[in-house]
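Okay, final-v3.cif is below, mmCIF, C-alpha atoms:
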data_protein
#
loop_
_atom_site.label_atom_id
_atom_site.label_comp_id
_atom_site.auth_asym_id
_atom_site.auth_seq_id
_atom_site.Cartn_x
_atom_site.Cartn_y
_atom_site.Cartn_z
CA MET A 660 21.18 33.02 5.19
CA PRO A 661 18.61 31.29 7.42
CA SER A 662 18.81 27.53 7.88
CA VAL A 663 17.06 25.32 5.35
CA GLN A 664 14.24 24.73 7.81
CA LYS A 665 13.59 28.49 8.05
CA GLN A 666 13.61 29.15 4.31
CA THR A 667 10.40 29.15 2.31
CA TYR A 668 9.79 26.52 -0.31
CA ALA A 669 10.06 29.27 -2.94
CA GLN A 670 13.47 30.38 -1.66
CA ARG A 671 14.70 26.82 -1.79
CA ALA A 672 13.28 26.24 -5.27
CA SER A 673 15.23 29.21 -6.63
CA LYS A 674 18.52 27.53 -5.66
CA HIS A 675 17.89 23.94 -6.69
CA ALA A 676 19.67 22.77 -9.83
CA ASN A 677 17.81 19.48 -10.17
CA PRO A 678 14.66 20.00 -12.29
CA ALA A 679 12.52 17.54 -10.32
CA ALA A 680 13.41 19.06 -6.94
CA LYS A 681 12.86 22.55 -8.28
CA ALA A 682 9.49 21.61 -9.78
CA LEU A 683 8.32 19.94 -6.57
CA LEU A 684 9.25 22.91 -4.39
CA GLU A 685 7.58 25.31 -6.82
CA THR A 686 4.44 23.15 -6.86
CA ILE A 687 4.36 23.05 -3.06
CA GLU A 688 4.60 26.83 -2.89
CA ARG A 689 2.07 27.41 -5.69
CA LYS A 690 -0.56 25.07 -4.25
CA LYS A 691 0.23 25.75 -0.56
CA SER A 692 0.39 22.00 -0.09
CA ASN A 693 3.16 19.78 1.23
CA LEU A 694 0.89 16.74 1.06
CA CYS A 695 1.74 13.59 -0.89
CA VAL A 696 -0.96 10.94 -1.13
CA SER A 697 0.15 7.32 -1.45
CA VAL A 698 -2.38 5.53 -3.66
CA ASP A 699 -1.95 1.80 -3.08
CA VAL A 700 -4.94 0.14 -4.72
CA THR A 701 -5.19 -2.77 -7.13
CA LYS A 702 -7.74 -1.61 -9.71
CA GLN A 703 -7.29 1.05 -12.39
CA ALA A 704 -10.69 2.59 -11.76
CA ASP A 705 -10.02 3.08 -8.03
CA PHE A 706 -6.50 4.34 -8.73
CA LEU A 707 -7.67 7.04 -11.11
CA ARG A 708 -10.75 7.96 -9.08
CA ILE A 709 -8.77 8.58 -5.89
CA ILE A 710 -6.10 10.59 -7.69
CA ASP A 711 -8.72 12.72 -9.42
CA ILE A 712 -10.37 13.47 -6.06
CA VAL A 713 -7.21 14.28 -4.09
CA GLY A 714 -5.41 15.98 -6.98
CA PRO A 715 -6.37 19.57 -6.10
CA TYR A 716 -4.98 19.17 -2.57
CA ILE A 717 -1.61 17.54 -3.21
CA CYS A 718 1.83 18.44 -4.48
CA LEU A 719 2.78 14.84 -5.25
CA VAL A 720 1.15 11.46 -5.76
CA LYS A 721 3.03 8.33 -4.70
CA THR A 722 2.31 5.22 -6.73
CA HIS A 723 3.08 1.51 -6.59
CA ILE A 724 2.23 0.86 -10.20
CA ASP A 725 3.11 -2.83 -9.99
CA VAL A 726 0.19 -3.59 -7.63
CA VAL A 727 -2.41 -2.52 -10.21
CA GLU A 728 -3.78 -5.89 -11.30
CA ASP A 729 -5.48 -4.68 -14.47
CA PHE A 730 -2.59 -2.45 -15.56
CA GLU A 731 -2.32 -1.47 -19.18
CA PRO A 732 -0.07 1.18 -20.73
CA SER A 733 -2.94 3.61 -21.25
CA LEU A 734 -3.15 3.96 -17.46
CA ILE A 735 0.09 5.93 -17.54
CA ASP A 736 -1.34 8.33 -20.11
CA ARG A 737 -4.35 8.94 -17.88
CA LEU A 738 -2.11 9.42 -14.83
CA LYS A 739 -0.08 12.03 -16.70
CA GLU A 740 -3.29 13.78 -17.76
CA LEU A 741 -4.35 14.02 -14.11
CA SER A 742 -0.89 15.32 -13.18
CA THR A 743 -1.35 18.16 -15.66
CA LYS A 744 -5.00 18.77 -14.77
CA HIS A 745 -4.39 19.07 -11.03
CA ASP A 746 -0.78 20.36 -11.07
CA PHE A 747 1.06 17.68 -9.11
CA LEU A 748 4.19 15.59 -9.63
CA ILE A 749 4.46 11.79 -9.71
CA PHE A 750 6.61 9.66 -7.42
CA GLU A 751 6.84 5.95 -8.21
CA ASP A 752 7.78 4.26 -4.95
CA ARG A 753 9.81 1.53 -6.65
CA LYS A 754 12.51 1.16 -3.96
CA PHE A 755 15.14 -0.06 -6.40
CA ALA A 756 17.72 -2.33 -4.77
CA ASP A 757 19.62 -4.12 -7.54
CA ILE A 758 22.60 -2.99 -9.58
CA GLY A 759 23.60 -6.07 -11.53
CA MET A 760 27.01 -6.63 -13.04
CA CYS A 761 29.36 -5.53 -10.29
CA SER A 762 29.56 -4.07 -6.81
CA LEU A 763 32.05 -2.40 -4.53
CA HIS A 764 34.68 -4.35 -2.69
CA ALA A 765 34.60 -3.86 1.06
CA HIS A 766 37.68 -1.63 1.05
CA GLN A 767 36.40 0.80 -1.60
CA SER A 768 35.04 4.24 -0.76
CA ILE A 769 31.36 5.01 -1.00
CA HIS A 770 32.41 7.77 -3.43
CA ALA A 771 33.93 5.26 -5.85
CA GLN A 772 32.30 4.73 -9.24
CA PRO A 773 32.17 0.98 -9.94
CA ARG A 774 32.83 0.18 -13.56
CA ASN A 775 29.86 -1.26 -15.46
CA SER A 776 27.65 -1.04 -12.39
CA GLY A 777 23.95 -0.40 -12.47
CA ASN A 778 23.03 -2.25 -15.65
CA THR A 779 20.11 -4.17 -14.14
CA VAL A 780 18.65 -1.23 -12.27
CA ALA A 781 18.96 1.00 -15.33
CA LEU A 782 16.90 -1.50 -17.30
CA GLN A 783 14.34 -1.81 -14.50
CA TYR A 784 13.99 1.98 -14.52
CA SER A 785 13.83 2.55 -18.27
CA SER A 786 12.36 -0.60 -19.73
CA GLY A 787 9.99 -3.49 -19.11
CA VAL A 788 6.25 -3.13 -18.83
CA TYR A 789 6.22 0.06 -16.77
CA ARG A 790 9.03 2.24 -18.25
CA ILE A 791 9.09 4.21 -15.01
CA SER A 792 11.61 6.83 -16.10
CA SER A 793 9.32 8.00 -18.90
CA TRP A 794 6.59 9.27 -16.56
CA SER A 795 7.70 9.38 -12.92
CA HIS A 796 9.35 12.66 -11.94
CA ILE A 797 10.82 11.11 -8.80
CA THR A 798 11.68 7.58 -7.73
CA ASN A 799 13.60 6.04 -4.84
CA ALA A 800 16.20 3.42 -4.03
CA HIS A 801 17.74 1.53 -1.14
CA PRO A 802 21.35 2.60 -0.58
CA VAL A 803 22.38 -0.92 0.50
CA PRO A 804 23.85 -1.96 -2.90
CA GLY A 805 26.27 0.98 -2.80
CA PRO A 806 26.78 3.93 -5.16
CA GLY A 807 26.36 1.77 -8.27
CA ILE A 808 22.60 1.95 -7.81
CA VAL A 809 22.73 5.74 -8.00
CA THR A 810 24.97 5.84 -11.07
CA GLY A 811 22.82 3.24 -12.79
CA LEU A 812 19.60 5.15 -12.18
CA ALA A 813 21.25 8.49 -12.99
CA SER A 814 22.38 7.20 -16.38
CA VAL A 815 18.70 6.97 -17.28
CA GLY A 816 16.98 9.59 -15.14
CA GLN A 817 19.36 12.52 -15.13
CA PRO A 818 19.06 13.27 -18.88
CA LEU A 819 15.28 13.30 -18.38
CA GLY A 820 15.42 15.76 -15.47
CA ARG A 821 14.33 13.18 -12.90
CA GLY A 822 15.23 13.04 -9.22
CA LEU A 823 16.11 10.22 -6.82
CA LEU A 824 15.33 9.78 -3.13
CA LEU A 825 17.37 7.43 -0.96
CA LEU A 826 15.67 5.46 1.81
CA ALA A 827 17.62 6.70 4.82
CA GLU A 828 15.03 5.87 7.48
CA MET A 829 11.69 4.07 7.64
CA SER A 830 8.54 4.49 9.72
CA THR A 831 7.88 0.84 10.57
CA LYS A 832 8.65 -0.67 13.96
CA GLY A 833 11.85 -2.74 14.05
CA ASN A 834 13.27 -1.53 10.73
CA LEU A 835 17.05 -1.73 10.20
CA ALA A 836 17.56 1.66 8.52
CA THR A 837 19.21 3.32 11.50
CA GLY A 838 22.58 4.55 12.75
CA ALA A 839 25.53 3.88 10.45
CA TYR A 840 23.23 2.80 7.62
CA THR A 841 21.50 6.19 7.67
CA ALA A 842 24.82 8.04 7.88
CA GLN A 843 26.13 6.14 4.83
CA ALA A 844 22.98 7.02 2.90
CA VAL A 845 23.67 10.71 3.55
CA GLU A 846 27.28 10.36 2.37
CA MET A 847 26.12 8.62 -0.79
CA ALA A 848 23.68 11.44 -1.49
CA ARG A 849 26.39 14.05 -0.98
CA ALA A 850 28.53 12.32 -3.60
CA HIS A 851 25.68 12.44 -6.16
CA ARG A 852 23.92 15.70 -5.43
CA ASP A 853 23.08 16.39 -9.07
CA PHE A 854 20.64 13.46 -9.09
CA VAL A 855 19.89 12.55 -5.47
CA ILE A 856 17.43 15.21 -4.31
CA GLY A 857 16.69 13.95 -0.83
CA PHE A 858 15.59 11.14 1.42
CA ILE A 859 12.72 9.11 2.69
CA ALA A 860 13.36 9.82 6.36
CA MET A 861 11.81 10.65 9.70
CA ARG A 862 13.84 13.83 10.33
CA ARG A 863 16.07 16.35 8.60
CA MET A 864 19.37 14.70 7.77
CA SER A 865 21.65 17.74 7.67
CA GLU A 866 21.75 21.33 8.89
CA ASP A 867 24.33 22.36 6.26
CA ASN A 868 22.82 25.25 4.30
CA ASP A 869 24.93 24.33 1.28
CA GLU A 870 23.06 21.04 0.86
CA ASP A 871 19.32 21.29 0.65
CA PHE A 872 18.03 17.73 0.60
CA LEU A 873 14.26 17.24 0.52
CA ILE A 874 12.83 15.07 3.29
CA LEU A 875 9.69 13.10 2.44
CA THR A 876 8.14 11.35 5.41
CA PRO A 877 5.68 8.45 5.56
CA GLY A 878 3.85 7.31 8.66
CA VAL A 879 1.74 10.45 9.05
CA GLY A 880 -1.68 10.20 10.68
CA LEU A 881 -4.12 12.37 12.60
CA ASP A 882 -6.37 9.64 14.00
CA SER A 883 -4.09 6.72 14.88
CA LYS A 884 -0.67 6.06 16.39
CA GLY A 885 -0.08 2.74 14.63
CA ASP A 886 -1.51 -0.32 12.91
CA ALA A 887 -1.29 -4.10 13.00
CA MET A 888 1.45 -4.12 10.33
CA GLY A 889 3.90 -2.21 12.53
CA GLN A 890 3.39 1.20 10.96
CA GLN A 891 3.95 4.03 13.44
CA TYR A 892 2.14 7.33 12.88
CA ARG A 893 3.04 10.90 13.76
CA THR A 894 1.03 14.06 13.20
CA PRO A 895 1.85 16.58 10.45
CA ARG A 896 3.05 19.01 13.11
CA GLU A 897 5.41 16.44 14.62
CA VAL A 898 6.81 15.68 11.18
CA VAL A 899 7.06 19.15 9.63
CA PHE A 900 7.50 21.51 12.58
CA GLU A 901 9.29 19.36 15.14
CA SER A 902 11.38 17.14 12.83
CA GLY A 903 11.98 19.61 9.98
CA CYS A 904 10.64 17.40 7.19
CA ASP A 905 9.29 18.81 3.93
CA VAL A 906 6.54 16.56 2.57
CA ILE A 907 4.05 14.43 4.50
CA ILE A 908 3.02 11.12 2.94
CA VAL A 909 -0.47 9.87 3.78
CA GLY A 910 -2.38 6.92 2.36
CA ARG A 911 -5.32 5.10 3.92
CA GLY A 912 -5.86 7.93 6.38
CA ILE A 913 -7.23 9.91 3.44
CA TYR A 914 -8.98 7.44 1.15
CA GLY A 915 -9.75 4.52 3.47
CA LYS A 916 -12.62 6.04 5.41
CA GLY A 917 -15.62 6.54 3.18
CA GLY A 918 -17.02 7.90 -0.06
CA ASP A 919 -15.68 10.52 -2.43
CA GLU A 920 -16.75 13.52 -0.33
CA GLU A 921 -15.03 12.08 2.74
CA VAL A 922 -11.85 11.49 0.73
CA LYS A 923 -11.95 15.10 -0.41
CA ALA A 924 -12.51 16.34 3.14
CA GLN A 925 -9.63 14.26 4.52
CA ALA A 926 -7.28 15.44 1.77
CA GLU A 927 -8.04 19.07 2.60
CA ARG A 928 -7.70 18.32 6.31
CA TYR A 929 -4.19 16.91 5.89
CA ARG A 930 -3.19 19.65 3.42
CA LYS A 931 -4.27 22.30 5.90
CA GLU A 932 -2.48 20.67 8.85
CA GLY A 933 0.74 20.15 6.88
CA TRP A 934 0.79 23.72 5.61
CA ALA A 935 0.08 25.16 9.04
CA ALA A 936 3.01 23.19 10.47
CA TYR A 937 5.30 24.57 7.74
CA GLU A 938 4.17 28.16 8.38
CA GLU A 939 4.76 27.70 12.09
CA ARG A 940 8.26 26.35 11.33
CA ILE A 941 9.41 29.25 9.18
CA ARG A 942 8.02 31.80 11.66
CA ALA A 943 9.52 30.22 14.79
#

What's the structure tokens form of this structure?
Amino acid sequence: MPSVQKQTYAQRASKHANPAAKALLETIERKKSNLCVSVDVTKQADFLRIIDIVGPYICLVKTHIDVVEDFEPSLIDRLKELSTKHDFLIFEDRKFADIGMCSLHAHQSIHAQPRNSGNTVALQYSSGVYRISSWSHITNAHPVPGPGIVTGLASVGQPLGRGLLLLAEMSTKGNLATGAYTAQAVEMARAHRDFVIGFIAMRRMSEDNDEDFLILTPGVGLDSKGDAMGQQYRTPREVVFESGCDVIIVGRGIYGKGGDEEVKAQAERYRKEGWAAYEERIRA
């Protein structure tokens, strides 16, 4: 069996047990797109307009629903309609980091299951204004609280067929998600493989063919190497071909440069570059 990096998205989809991971891989293969667009805008009208424009070119849309200033519940219905119309999945970039009631003691294993852990994060995921679990196929979490955050989220998301990404690495200059922290994130994922489908990371985390974790990578750009906020950019080829990642995440590089036709052109440009890098990887 070839390494995960050499397998097609379709081959990998056929082996994934998690419904969200399977659906994402199938969507990538069907649309010939490993592009995720991060839509970080504050008005409903802009949010929906951008998603409607980029929808045909993407496999996944990444949202920060809590920055939409004029949010109302009907926005979620319209987002789901666009997901169906354009055949993409939804990833709410919530970065959960709280578990509530209890945490691990220092001497406990990362594989331990803390009793009564995850109450707060389960409520954040299922309830409140946004009810994220009801519409977002994929969400993410910081591993820093320990495995209780995974069990808490899984108690809500797993029955719904959702998937979780752990933040193993970040693309900003000076971030602390390195070394032992990253290694512990991988171990936590291994202990919860039925719900944790992969990582936000800059490179492939494991070469073990028995564990196919999806790698979604931010900080992708074709026209810039960085910005004033410390973001560092790499090209789709550097991310997909050289580092073995699966999905490129692009935001302002697509919708921050002009009118609707320019947004459409940039979305196709990134889709094409990302797919070409994947085809080069599986042929190499």

So that I can check the surroundings of Ile712 (chain A), please list as a ChimeraX atom specification every protein, DNA and RNA residue that reaches within 9 Å of it, counting all atoms listed in the file and ignoring chain neighbours fewer than 6 positions away.
/A:919-920,922-923,926

Find the spatial neighbours of region 867-876 of chain A, counting all atoms listed in the file, within a cut-off of 7 Å - ignore same-chain residues fewer than 4 positions away - and output them as an MDAnalysis selection string.
chainID A and resid 662:663 856:861 863 904:908

Contacts of Cys718 (chain A) at 9 Å (all atoms listed in the file; same-chain gap of 5+ positions) as a PyMOL selection string:
chain A and resi 683-684+686-688+690-696+746-749+906

What does the PyMOL selection byres ((chain A and resi 879) around 6) select in this file, as a ChimeraX atom specification?
/A:877-878,880,892-894,909

Using all atoms listed in the file for the distances, tell me which of A:Lys884, A:His745, A:Arg928, A:Arg753 is nearest to Tyr784 (chain A).
A:Arg753

Proximity to Asp725 (chain A) - best of A:Val700, A:Ile709, A:Leu819, A:Ala839, only C-alpha atoms:
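So, comparing all the options, the nearest one is A:Val700.
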
Could you tell me how far CA of Ile941 (chain A) sits from CA of Gln666 (chain A), in Å to one decimal place?
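Computing it gives 6.4 Å between the two atoms.
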
Pick out the closest residue to His796 (chain A) from this set: A:Arg849, A:His675, A:Arg862, A:Lys681. Count only C-alpha atoms.
A:Lys681

What is the distance between CA of Phe750 (chain A) and CA of Thr798 (chain A), in Å to one decimal?
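Answer for the CA of Phe750 (chain A) to CA of Thr798 (chain A) separation: 5.5 Å.
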
Within 12 Å of Gly838 (chain A), counting all atoms listed in the file, which residues qualify if same-chain residues fewer than 5 places away don't, as a PyMOL selection string?
chain A and resi 827-828+843-845+864

Residues matched by the PyMOL selection byres ((chain A and resi 756) around 10) as a PyMOL selection string:
chain A and resi 753-755+757-759+779-780+799-805+808

Any idea what the distance is between CA of Thr743 (chain A) and CA of Val720 (chain A)?
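Straight-line distance from CA of Thr743 (chain A) to CA of Val720 (chain A) works out to 12.2 Å.
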
Once the PyMOL selection byres ((chain A and resi 676) around 12) has been evaluated on this model, what residues remain selected, and can you format them as an mmCIF file with C-alpha atoms, in the coordinates of the input?
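Produced file selection25.cif, reproduced below:
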data_model
loop_
_atom_site.group_PDB
_atom_site.id
_atom_site.type_symbol
_atom_site.label_atom_id
_atom_site.label_comp_id
_atom_site.auth_asym_id
_atom_site.auth_seq_id
_atom_site.Cartn_x
_atom_site.Cartn_y
_atom_site.Cartn_z
ATOM 1 C CA ARG A 671 14.700 26.820 -1.790
ATOM 2 C CA ALA A 672 13.280 26.240 -5.270
ATOM 3 C CA SER A 673 15.230 29.210 -6.630
ATOM 4 C CA LYS A 674 18.520 27.530 -5.660
ATOM 5 C CA HIS A 675 17.890 23.940 -6.690
ATOM 6 C CA ASN A 677 17.810 19.480 -10.170
ATOM 7 C CA PRO A 678 14.660 20.000 -12.290
ATOM 8 C CA ALA A 679 12.520 17.540 -10.320
ATOM 9 C CA ALA A 680 13.410 19.060 -6.940
ATOM 10 C CA LYS A 681 12.860 22.550 -8.280
ATOM 11 C CA ALA A 682 9.490 21.610 -9.780
ATOM 12 C CA LEU A 684 9.250 22.910 -4.390
ATOM 13 C CA GLN A 817 19.360 12.520 -15.130
ATOM 14 C CA GLY A 820 15.420 15.760 -15.470
ATOM 15 C CA ARG A 821 14.330 13.180 -12.900
ATOM 16 C CA GLY A 822 15.230 13.040 -9.220
ATOM 17 C CA ARG A 852 23.920 15.700 -5.430
ATOM 18 C CA ASP A 853 23.080 16.390 -9.070
ATOM 19 C CA PHE A 854 20.640 13.460 -9.090
ATOM 20 C CA VAL A 855 19.890 12.550 -5.470
ATOM 21 C CA ILE A 856 17.430 15.210 -4.310
ATOM 22 C CA GLU A 870 23.060 21.040 0.860
ATOM 23 C CA ASP A 871 19.320 21.290 0.650
ATOM 24 C CA PHE A 872 18.030 17.730 0.600
#
